[in-house]
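Participant: Pasting in a structure now, in structure tokens, and then I'll have a few things to ask.
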Amino acid sequence: MKKTAVCTIENSTITMNGNMVFSNQETTFQEFAKEAYKNLDLNYPKFHKMDPLSKLAFLAAEMLLKDEDNSKTALVFANKSSSLDTDFKYQESINSNENYFPSPAVFVYTLPNICVGEISIRHKMQTENAFFVLDEFDENFLNNYAQQLLKSGKAENVLCGWVELYQESYKAFVYLLAL
Amino acid sequence: MMKEIYIIDYNCVTPLGMNLNDNWHALLQNQSGVAQHSILENQEAVYASMVDTEKLNTEFNSHFTDQNFTRLEKMFLLCLKPLIERHDITTETAFILSTTKGNVSLLKNQPSLPEGAFLSVLAQKIADFFGFKSKPIVVSNACVSGVMAIGVAKNLIQSGNYKDAFVIAGDEITEFVISGFNSFQALAKEPCQPYDKNRNGINIGEAAAALYITSGAISPYQFRFKILGDSAINDANHISGPSRTGDGLYKSIRNAMAEAKVAATDIDFISAHGTATLYNDEMEAIAFNRMELQHVPLNSMKGFYGHCLGASGLLESIISMESALHNTLLPSKNFKEMGVSQPLHIIKEQQHSEIKYILKTASGFGGCNAAIVLEKC
């Protein structure tokens, strides 16, 4: 199994195969993501409706999947904080009777696999997908799982990786695998 | 040649019983866990399938002395305990936990994130209690998590890194979940009616379900179900609505059946998802017809247990296997009149039938779908 490309996103910087693609000094993740979207010329307005975890995963996937044929590319992602970033915001909207405003547009993002769905929709990928929650990044685990998808013929490539985000603490380490 | 993987034991904790036997007997008597409950303050009561907390605590106290557990953790521990007593944990045993929201109830009125809300912390707590030696793996893929966890266990054992696995799934009813589905206007005003003309939404449920999966030697006296095939394909259509074409579910079933090397005519029973929302049930009918599975007896267990989110798929797989062991098809409760545009063979009454090959499916938010094929051996 070989790793054909790697994208990392952390500290307001996007790196592809070790080369810096975009960096800015914005203070928040949301501002950074917005600037990255503009700078990378991503023409996909739905991006602005996504929660921060989906934006993080989406940006990494944009770098790696491009406009190629991804009809045999599986998605296997993992993180530590699940969707707790949005869970916490949603919970605040139902904590008190005085400020009780549950929103379906927020609630739908209280699942970590939504970010996988966003990528699937963007790249029209009707392919195998899985989301795991682990206490730390475990590349061996993800690679073993991905390898099984490749060996069984369920996928020809796997977009694999770690997409962790809670408030202003975030890191994406996403890569493409093939047999 | 891929290793052969078998499910050889299981258990569940639900509103219908604190163990598998009680559940099975309640189902044979057509009992349902669904009833009206006031869950949200200042809001109308909703129909939900809820575990009685007092009953849960009594049962828990008769098995465990340590009390430092949340309600959901108690359900997990009670469910898993008999399996741990019957099967050994080694360094090559995987522990897979499937849930959508875990201990999300701990977030209420907290100024910052409590440690217990992390799914990995929840999984580690259960793993430590029973002495698992490998790192816990949490599958969190919305409402397909429970079905997918079985496929994950199969794949991890086939990858050669584990010999066997304990798979547990659980989700509980919380203000968080009820308010969310309510904001989507997805909750039914009465007991849910999967596939029925008058269906108008979901009843949320709660449960814990567990099974033991192995590639090792099995006693000839032990029942066994071989996991023949699995697949989990995304619709790539919408994050909160099912695909109109059923593409993802259709492809999940097609792939799982291809891996299992079974044809539509081989399948004896389908345990479908059937949430009783307008669009989900219609989408399923389209997908099953595309696979020419419309003549296969099918039920949804949601009328008995409500929709137990990340636990539903595992719980329903277990009930399917129990149905196969007893060669008994359970009805799709609350179904009266056909309400989907494509034909389906929906089971109306409990009946005797030989069941060898089971197809279990699920679909969920994020456009995810999952299917597994099981064979009674």
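Just so we're on the same page: first chain in the structure tokens is A, next is B, and so on; residues restart at 1 for each chain, and ligands are numbered from 1 in the order they show up.
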What's around Ala130 (chain A) at 8 Å? Count only C-alpha atoms, leave out sequence neighbours fewer than 3 positions away in its own chain, and write the answer as a list in words.
Facilitator: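 What passes the distance filter is Leu75, Val76, Phe77, Asn113 and Val116 of chain A; Val139, Asn141 and Ala232 of chain B.
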Participant: With a distance cut-off of 10 Å and only C-alpha atoms, select the neighbouring residues of Met257 (chain B), excluding the residue or stretch itself and same-chain residues fewer than 6 positions from it, and output the selection as a ChimeraX atom specification.
Facilitator: /B:228-231,251,263-264,266-267,291,359,371-374
Participant: Find the residues around Leu77 (chain B) up to 9 Å (only C-alpha atoms counted), leave out those fewer than 3 positions away in its own chain, and share them as a JSON list (two decimals) with all heavy atoms, in the first residue's frame.
Facilitator:
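And here's out25.json as it stands now:
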[["chain", "number", "residue", "atom", "x", "y", "z"],
["B", 60, "PHE", "N", -29.10, -3.10, 37.81],
["B", 60, "PHE", "CA", -27.66, -2.79, 37.87],
["B", 60, "PHE", "C", -27.11, -3.12, 39.26],
["B", 60, "PHE", "O", -26.05, -3.75, 39.38],
["B", 60, "PHE", "CB", -27.42, -1.31, 37.53],
["B", 60, "PHE", "CG", -25.97, -0.97, 37.39],
["B", 60, "PHE", "CD1", -25.29, -1.23, 36.20],
["B", 60, "PHE", "CD2", -25.26, -0.41, 38.45],
["B", 60, "PHE", "CE1", -23.95, -0.94, 36.07],
["B", 60, "PHE", "CE2", -23.90, -0.12, 38.32],
["B", 60, "PHE", "CZ", -23.25, -0.38, 37.13],
["B", 64, "PHE", "N", -23.75, -5.17, 40.05],
["B", 64, "PHE", "CA", -22.52, -4.37, 40.23],
["B", 64, "PHE", "C", -22.57, -3.61, 41.56],
["B", 64, "PHE", "O", -23.64, -3.18, 41.99],
["B", 64, "PHE", "CB", -22.38, -3.35, 39.09],
["B", 64, "PHE", "CG", -22.32, -3.96, 37.72],
["B", 64, "PHE", "CD1", -23.48, -4.16, 36.98],
["B", 64, "PHE", "CD2", -21.10, -4.34, 37.16],
["B", 64, "PHE", "CE1", -23.44, -4.72, 35.70],
["B", 64, "PHE", "CE2", -21.06, -4.89, 35.89],
["B", 64, "PHE", "CZ", -22.22, -5.09, 35.16],
["B", 72, "LEU", "N", -26.35, 5.63, 30.74],
["B", 72, "LEU", "CA", -25.95, 4.91, 29.52],
["B", 72, "LEU", "C", -24.87, 3.88, 29.83],
["B", 72, "LEU", "O", -24.90, 2.75, 29.33],
["B", 72, "LEU", "CB", -25.46, 5.90, 28.46],
["B", 72, "LEU", "CG", -24.98, 5.28, 27.14],
["B", 72, "LEU", "CD1", -26.13, 4.62, 26.39],
["B", 72, "LEU", "CD2", -24.31, 6.32, 26.24],
["B", 73, "GLU", "N", -23.91, 4.27, 30.67],
["B", 73, "GLU", "CA", -22.83, 3.33, 31.02],
["B", 73, "GLU", "C", -23.39, 2.10, 31.74],
["B", 73, "GLU", "O", -22.91, 0.97, 31.53],
["B", 73, "GLU", "CB", -21.78, 4.05, 31.88],
["B", 73, "GLU", "CG", -20.95, 5.04, 31.08],
["B", 73, "GLU", "CD", -20.21, 6.08, 31.92],
["B", 73, "GLU", "OE1", -20.31, 6.03, 33.18],
["B", 73, "GLU", "OE2", -19.54, 6.94, 31.34],
["B", 74, "LYS", "N", -24.39, 2.33, 32.57],
["B", 74, "LYS", "CA", -25.01, 1.18, 33.26],
["B", 74, "LYS", "C", -25.64, 0.22, 32.25],
["B", 74, "LYS", "O", -25.55, -1.00, 32.40],
["B", 74, "LYS", "CB", -26.08, 1.68, 34.25],
["B", 74, "LYS", "CG", -25.49, 2.34, 35.49],
["B", 74, "LYS", "CD", -26.57, 2.85, 36.42],
["B", 74, "LYS", "CE", -25.93, 3.56, 37.63],
["B", 74, "LYS", "NZ", -26.96, 4.13, 38.52],
["B", 80, "LEU", "N", -23.10, -6.05, 28.46],
["B", 80, "LEU", "CA", -21.85, -6.74, 28.10],
["B", 80, "LEU", "C", -21.47, -7.84, 29.09],
["B", 80, "LEU", "O", -20.82, -8.82, 28.71],
["B", 80, "LEU", "CB", -20.74, -5.68, 28.02],
["B", 80, "LEU", "CG", -19.50, -5.96, 27.20],
["B", 80, "LEU", "CD1", -19.84, -6.53, 25.82],
["B", 80, "LEU", "CD2", -18.68, -4.68, 27.05],
["B", 81, "LYS", "N", -21.86, -7.69, 30.35],
["B", 81, "LYS", "CA", -21.39, -8.59, 31.41],
["B", 81, "LYS", "C", -21.55, -10.08, 31.09],
["B", 81, "LYS", "O", -20.58, -10.84, 31.20],
["B", 81, "LYS", "CB", -22.08, -8.24, 32.74],
["B", 81, "LYS", "CG", -21.56, -9.01, 33.93],
["B", 81, "LYS", "CD", -22.16, -8.48, 35.22],
["B", 81, "LYS", "CE", -21.59, -9.22, 36.41],
["B", 81, "LYS", "NZ", -22.58, -10.16, 36.98],
["B", 126, "ILE", "N", -15.53, 1.79, 29.88],
["B", 126, "ILE", "CA", -16.14, 0.45, 29.79],
["B", 126, "ILE", "C", -15.04, -0.60, 29.59],
["B", 126, "ILE", "O", -15.05, -1.66, 30.21],
["B", 126, "ILE", "CB", -17.14, 0.38, 28.60],
["B", 126, "ILE", "CG1", -18.17, 1.52, 28.67],
["B", 126, "ILE", "CG2", -17.82, -0.99, 28.51],
["B", 126, "ILE", "CD1", -19.14, 1.46, 29.80],
["B", 129, "PHE", "N", -13.16, -1.28, 32.78],
["B", 129, "PHE", "CA", -13.96, -2.01, 33.76],
["B", 129, "PHE", "C", -13.85, -3.51, 33.52],
["B", 129, "PHE", "O", -13.72, -4.29, 34.45],
["B", 129, "PHE", "CB", -15.43, -1.57, 33.71],
["B", 129, "PHE", "CG", -16.27, -2.23, 34.76],
["B", 129, "PHE", "CD1", -16.35, -1.70, 36.04],
["B", 129, "PHE", "CD2", -16.93, -3.42, 34.49],
["B", 129, "PHE", "CE1", -17.09, -2.34, 37.02],
["B", 129, "PHE", "CE2", -17.67, -4.07, 35.46],
["B", 129, "PHE", "CZ", -17.76, -3.52, 36.74],
["B", 130, "PHE", "N", -13.90, -3.92, 32.25],
["B", 130, "PHE", "CA", -13.86, -5.36, 31.94],
["B", 130, "PHE", "C", -12.45, -5.87, 31.67],
["B", 130, "PHE", "O", -12.25, -7.06, 31.46],
["B", 130, "PHE", "CB", -14.76, -5.67, 30.75],
["B", 130, "PHE", "CG", -16.23, -5.56, 31.08],
["B", 130, "PHE", "CD1", -17.02, -4.61, 30.46],
["B", 130, "PHE", "CD2", -16.81, -6.41, 32.01],
["B", 130, "PHE", "CE1", -18.38, -4.52, 30.76],
["B", 130, "PHE", "CE2", -18.17, -6.32, 32.32],
["B", 130, "PHE", "CZ", -18.95, -5.36, 31.69]]
Participant: Using only C-alpha atoms, I'd like every residue of chain A that has an atom within 9 Å of chain B; please write them out as a ChimeraX atom specification.
Facilitator: /A:74,80-82,84,87-88,90-92,94-97,101-135,141,144-145,147-149,152,154
Participant: So how far away is CA of Ile14 (chain A) from CA of Cys160 (chain A), in Å?
Facilitator: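 About the pair CA of Cys160 (chain A) and CA of Ile14 (chain A): they are 16.7 Å apart.
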Participant: Mind checking which residues fall within 10 Å of Met20 (chain A), counting only C-alpha atoms, ignoring those fewer than 5 positions away in the same chain, and posting them as a list in words?
Facilitator: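 My reading of the contact set: Cys7, Thr8, Ile9, Thr13, Ile14 and Thr15 of chain A.
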Participant: From region 62-292 of chain B, collect each residue whose DSSP state is strand (DSSP E or B) and return the set as a PyMOL selection string.
Facilitator: chain B and resi 93-98+137-139+164-171+187+196+202+204-205+207-214+225-231+233+269-271
Participant: Might you pull out every residue within 6 Å of region 18-35 of chain B, with only C-alpha atoms counted and same-chain residues fewer than 3 positions away left off, and present them as a PyMOL selection string?
Facilitator: chain B and resi 11-13+15+47-49+304-305
Participant: So the first atom is CA of Ser317 (chain B) and the second is CA of Asp171 (chain B); what is the distance between them in Å, to one decimal place?
Facilitator: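 One can read the CA of Ser317 (chain B) to CA of Asp171 (chain B) distance as 15.8 Å.
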Participant: Mind pulling up the distance from CA of His307 (chain B) to CA of Phe58 (chain A)?
Facilitator: 29.7 Å
Participant: Could you give me, as a list of chain:residue names, the residues within 6 Å of Leu211 (chain B), counting only C-alpha atoms and dropping anything in the same chain fewer than 4 positions from it?
Facilitator: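 Residues meeting the cut-off are B:Asp9, B:Tyr10, B:Phe166, B:Val167.
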Participant: Pick the closest to Leu177 (chain A) from A:Glu10, A:Glu35, A:Glu139, A:Glu164: which is it, counting only C-alpha atoms?
Facilitator: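 Checking each of A:Glu10, A:Glu35, A:Glu139, A:Glu164 against Leu177 (chain A), counting only C-alpha atoms, the winner is A:Glu139.
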Participant: From the set A:Ala36, A:Thr73, A:Asp51, A:Thr86, which residue has the shortest atom-to-atom contact distance to Tyr175 (chain A), counting only C-alpha atoms?
Facilitator: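 Among the listed residues, the smallest separation from Tyr175 (chain A) belongs to A:Thr73.
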Participant: Taking only C-alpha atoms into account, which of A:Ala60, A:Ala33, A:Val158, A:Met1 comes nearest Phe47 (chain A)?
Facilitator: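 Smallest distance to Phe47 (chain A) is found for A:Ala33.
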Participant: Fewer than 2 positions away in the same chain doesn't count, so skip those; otherwise give me all residues within 8 Å of region 335-347 of chain B, counting only C-alpha atoms, as a VMD selection string.
Facilitator: chain B and resid 193 to 199 281 to 282 285 to 286 288 to 289 293 to 299 329 to 333 349 to 350
Participant: Include N, CA, C and O atoms and write out the residues we just selected as a compact mmCIF listing (two decimals), in the first residue's frame.
Facilitator:
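Output (part-v1.txt):
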# COMPACT_ATOMS: atom_id res chain seq x y z
N GLN B 193 -45.36 4.21 12.55
CA GLN B 193 -45.94 3.20 11.65
C GLN B 193 -45.09 3.03 10.40
O GLN B 193 -45.46 3.52 9.33
N PRO B 194 -43.98 2.32 10.53
CA PRO B 194 -43.10 2.15 9.36
C PRO B 194 -43.84 1.62 8.13
O PRO B 194 -44.65 0.69 8.26
N TYR B 195 -43.59 2.20 6.99
CA TYR B 195 -44.10 1.82 5.67
C TYR B 195 -45.61 2.02 5.51
O TYR B 195 -46.17 1.73 4.47
N ASP B 196 -46.29 2.47 6.56
CA ASP B 196 -47.74 2.62 6.49
C ASP B 196 -48.13 3.92 5.79
O ASP B 196 -47.38 4.90 5.81
N LYS B 197 -49.32 3.89 5.22
CA LYS B 197 -49.89 5.06 4.54
C LYS B 197 -49.96 6.27 5.48
O LYS B 197 -49.82 7.42 5.04
N ASN B 198 -50.24 6.01 6.75
CA ASN B 198 -50.42 7.11 7.70
C ASN B 198 -49.18 7.43 8.52
O ASN B 198 -49.26 8.12 9.53
N ARG B 199 -48.04 6.93 8.11
CA ARG B 199 -46.83 7.18 8.90
C ARG B 199 -46.53 8.68 8.90
O ARG B 199 -46.73 9.36 7.89
N ASP B 281 -38.70 5.69 4.33
CA ASP B 281 -39.33 4.42 4.00
C ASP B 281 -39.53 4.29 2.48
O ASP B 281 -39.37 3.21 1.91
N GLU B 282 -39.85 5.40 1.85
CA GLU B 282 -40.03 5.41 0.39
C GLU B 282 -38.69 5.09 -0.29
O GLU B 282 -38.62 4.28 -1.23
N ALA B 285 -37.92 1.42 -0.05
CA ALA B 285 -38.74 0.61 -0.97
C ALA B 285 -38.13 0.64 -2.37
O ALA B 285 -38.08 -0.39 -3.06
N ILE B 286 -37.66 1.80 -2.78
CA ILE B 286 -37.05 1.92 -4.11
C ILE B 286 -35.76 1.09 -4.18
O ILE B 286 -35.55 0.32 -5.12
N PHE B 288 -34.86 -1.55 -2.32
CA PHE B 288 -35.12 -2.99 -2.27
C PHE B 288 -35.64 -3.49 -3.61
O PHE B 288 -35.29 -4.58 -4.06
N ASN B 289 -36.48 -2.68 -4.25
CA ASN B 289 -37.00 -3.09 -5.56
C ASN B 289 -35.91 -3.11 -6.62
O ASN B 289 -35.90 -3.98 -7.48
N LEU B 293 -35.72 -7.38 -4.30
CA LEU B 293 -35.93 -8.00 -2.99
C LEU B 293 -37.36 -7.77 -2.48
O LEU B 293 -37.66 -8.01 -1.31
N GLN B 294 -38.25 -7.32 -3.37
CA GLN B 294 -39.59 -6.94 -2.92
C GLN B 294 -40.44 -8.12 -2.44
O GLN B 294 -41.43 -7.92 -1.76
N HIS B 295 -40.02 -9.36 -2.77
CA HIS B 295 -40.82 -10.52 -2.35
C HIS B 295 -40.32 -11.11 -1.03
O HIS B 295 -40.93 -12.03 -0.49
N VAL B 296 -39.22 -10.61 -0.53
CA VAL B 296 -38.63 -11.19 0.68
C VAL B 296 -39.32 -10.61 1.92
O VAL B 296 -39.49 -9.39 2.03
N PRO B 297 -39.75 -11.49 2.85
CA PRO B 297 -40.40 -10.99 4.08
C PRO B 297 -39.51 -9.96 4.78
O PRO B 297 -38.30 -10.19 4.95
N LEU B 298 -40.12 -8.87 5.19
CA LEU B 298 -39.35 -7.73 5.71
C LEU B 298 -40.08 -7.13 6.90
O LEU B 298 -41.31 -7.11 6.95
N ASN B 299 -39.31 -6.69 7.89
CA ASN B 299 -39.94 -5.89 8.95
C ASN B 299 -39.06 -4.73 9.35
O ASN B 299 -37.88 -4.65 8.98
N LEU B 329 -40.77 -15.36 12.07
CA LEU B 329 -40.76 -13.99 11.54
C LEU B 329 -41.63 -13.12 12.43
O LEU B 329 -42.78 -13.46 12.71
N LEU B 330 -41.08 -12.00 12.88
CA LEU B 330 -41.85 -11.07 13.70
C LEU B 330 -42.52 -10.04 12.79
O LEU B 330 -41.95 -9.64 11.77
N PRO B 331 -43.71 -9.58 13.18
CA PRO B 331 -44.40 -8.60 12.33
C PRO B 331 -43.73 -7.23 12.38
O PRO B 331 -43.00 -6.92 13.32
N SER B 332 -43.99 -6.44 11.36
CA SER B 332 -43.57 -5.05 11.35
C SER B 332 -44.67 -4.29 12.08
O SER B 332 -45.70 -3.95 11.52
N LYS B 333 -44.45 -4.08 13.37
CA LYS B 333 -45.53 -3.58 14.24
C LYS B 333 -46.08 -2.23 13.76
O LYS B 333 -45.33 -1.37 13.32
N GLU B 349 -48.07 -10.57 10.44
CA GLU B 349 -48.32 -11.37 11.64
C GLU B 349 -47.14 -12.28 11.92
O GLU B 349 -46.43 -12.68 11.01
N GLN B 350 -46.99 -12.61 13.18
CA GLN B 350 -45.94 -13.53 13.57
C GLN B 350 -46.18 -14.86 12.86
O GLN B 350 -47.30 -15.34 12.82
